[in-house]
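Presented below is the structure to which this report refers.
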Amino acid sequence: MIKLIVLDVDGVLTDGTVFYDNFGNEYKGFNVKDGYAIKRALSSNVEVAIISGRRSKAVEKRCEELGVSKVFQGVSNKLEVLEKLCNEMKISFEEVAAMGDDIPDIPILKSVGFSAAPIDAVEEVKEVVNFVSKREGGRGAVREFIDYILSLNGKQ
């Protein structure tokens with residue numbers, strides 16, 4: 001039974017594109033279907049956490065909107081953060097599912113009970129995961145992944 005879903009941001013919740021305006025403001029695009037799946041997971045008693053190497057106010061805003069309270073940004077050692085989170089939640093890595101798309105995500109992806117990547121993830125990631133989405137990051141990959149996890153947990 002999966003009790004925690006961990007998601008990267010750039011390349012997973014977004015397509016990896018970062019926009020800046022002339023004033024240095026950053027913009028990201030998030031998929032509403034992915035957001036719906038995150039809300040479904042939370043309402044099915046599956047916690048959702050964001051662990052990202054970058055910091056972004058847009059991510060804070062999106063997570064607040066979705067009800068995701070476990071948000072870790074600017075993280076260089078994602079596995080260390082996951083270990084602390086699992087200890088706090090009193091769960092094992094086996095009860096965690098994670099989705100990532102690039103090299104910094106590999107330690108987490110190799111450690112959790114179920115791992116996934118969007119179809120446009122780097123090859124090194126796709127080689128170590130249990131599930132490769134048919135969709136790209138920011139284009140419904142998270143929705144497909146969460147729907148699959150919820151079906152594994154017996155929630156349709």
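Scheme for the structure tokens: letters A, B, ... for chains in order shown; per-chain residue numbers from 1; ligand numbers from 1 in order shown.
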
Original post:
region 20-26 of chain A: which residues within 9 Å, counting only C-alpha atoms, same-chain residues fewer than 3 positions away excluded, as a list in words?
Top reply: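 Listing them by chain and then by number gives Ser56, Lys57 and Ala58 of chain A.
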
Include all heavy atoms and write out the residues we just selected as a compact mmCIF listing (two decimals), in the first residue's frame.
```txt
# COMPACT_ATOMS: atom_id res chain seq x y z
N SER A 56 10.86 28.08 -6.19
CA SER A 56 9.97 28.86 -7.03
C SER A 56 8.71 29.24 -6.25
O SER A 56 8.07 28.39 -5.63
CB SER A 56 9.57 28.04 -8.26
OG SER A 56 8.52 28.65 -8.96
N LYS A 57 8.37 30.52 -6.31
CA LYS A 57 7.12 30.97 -5.68
C LYS A 57 5.91 30.39 -6.40
O LYS A 57 4.87 30.16 -5.79
CB LYS A 57 7.07 32.50 -5.67
CG LYS A 57 8.04 33.10 -4.69
CD LYS A 57 7.89 34.60 -4.59
CE LYS A 57 8.94 35.09 -3.61
NZ LYS A 57 8.76 36.45 -3.22
N ALA A 58 6.05 30.13 -7.70
CA ALA A 58 4.95 29.53 -8.46
C ALA A 58 4.63 28.14 -7.91
O ALA A 58 3.46 27.75 -7.83
CB ALA A 58 5.31 29.45 -9.94
```

Original post:
Please, which residues of region 25-123 of chain A, numbered as in this document, come out helix (DSSP H, G or I) from DSSP, as a ChimeraX atom specification?
Top reply: /A:32-43,57-66,78-89,93-95,103-111,123

Original post:
What lies within 6 Å of region 109-118 of chain A using only C-alpha atoms, ignoring chain neighbours under 3 positions off, as a list in words?
Top reply: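 Final neighbour list, sorted by chain and number: Phe93, Glu94, Glu95, Val96, Ala97, Ala98, Met99, Gly100, Asp101, Ile106, Ala121, Val129, Asn130, Phe131, Val132, Ser133, Arg135, Glu136, Gly137 and Ala141 of chain A.
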
Subject >> Among listed residues A:Asp8, A:Gly29, A:Ile2, A:Glu123, nearest Leu42 (chain A) (using only C-alpha atoms) >> reply: A:Ile2

Original post:
Arg143 (chain A): which residues within 8 Å, counting only C-alpha atoms, same-chain residues fewer than 2 positions away excluded, as an MDAnalysis selection string?
Top reply: chainID A and resid 33:38 140:141 145:147

Original post:
Ala49 (chain A): which residues within 10 Å, counting only C-alpha atoms, same-chain residues fewer than 6 positions away excluded, as a list in words?
Top reply: Leu4, Ile5, Val6, Leu7, Asp8, Ile38, Cys63, Val68, Ser69, Lys70, Val71, Phe72, Leu82, Leu85 and Ala98 of chain A

**OP:** For each of A:Ile103, A:Ala41, A:Ile91, A:Val9, take the minimum atom-to-atom distance to Glu124 (chain A), counting only C-alpha atoms, then give the residue where this is smallest.
**Re:**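 Looking at the shortest contact to Glu124 (chain A), the residue is A:Ile103.
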
Original post:
Taking into account only C-alpha atoms, which residue in the set A:Glu60, A:Cys86, A:Lys126, A:Asp105 is nearest to Glu47 (chain A)?
Top reply: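 So, comparing all the options, the nearest one is A:Cys86.
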
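You will find CA of Asp15 (chain A) at 25.5 Å from CA of Glu80 (chain A).
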
**OP:** Mind giving me the straight-line distance from CA of Tyr27 (chain A) to CA of Val75 (chain A) in Å, one decimal?
**Re:**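 Result for CA of Tyr27 (chain A) versus CA of Val75 (chain A): 19.8 Å, one decimal.
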
**OP:** Could you check how far CA of Lys39 (chain A) sits from CA of Gly138 (chain A), in Å to one decimal?
**Re:**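 Distance reported for this atom pair: 16.1 Å.
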
Original post:
Taking into account only C-alpha atoms, which residue in the set A:Val81, A:Val32, A:Met1, A:Val59 is nearest to Arg139 (chain A)?
Top reply: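 Between A:Val81, A:Val32, A:Met1, A:Val59, the residue approaching Arg139 (chain A) most closely is A:Val32.
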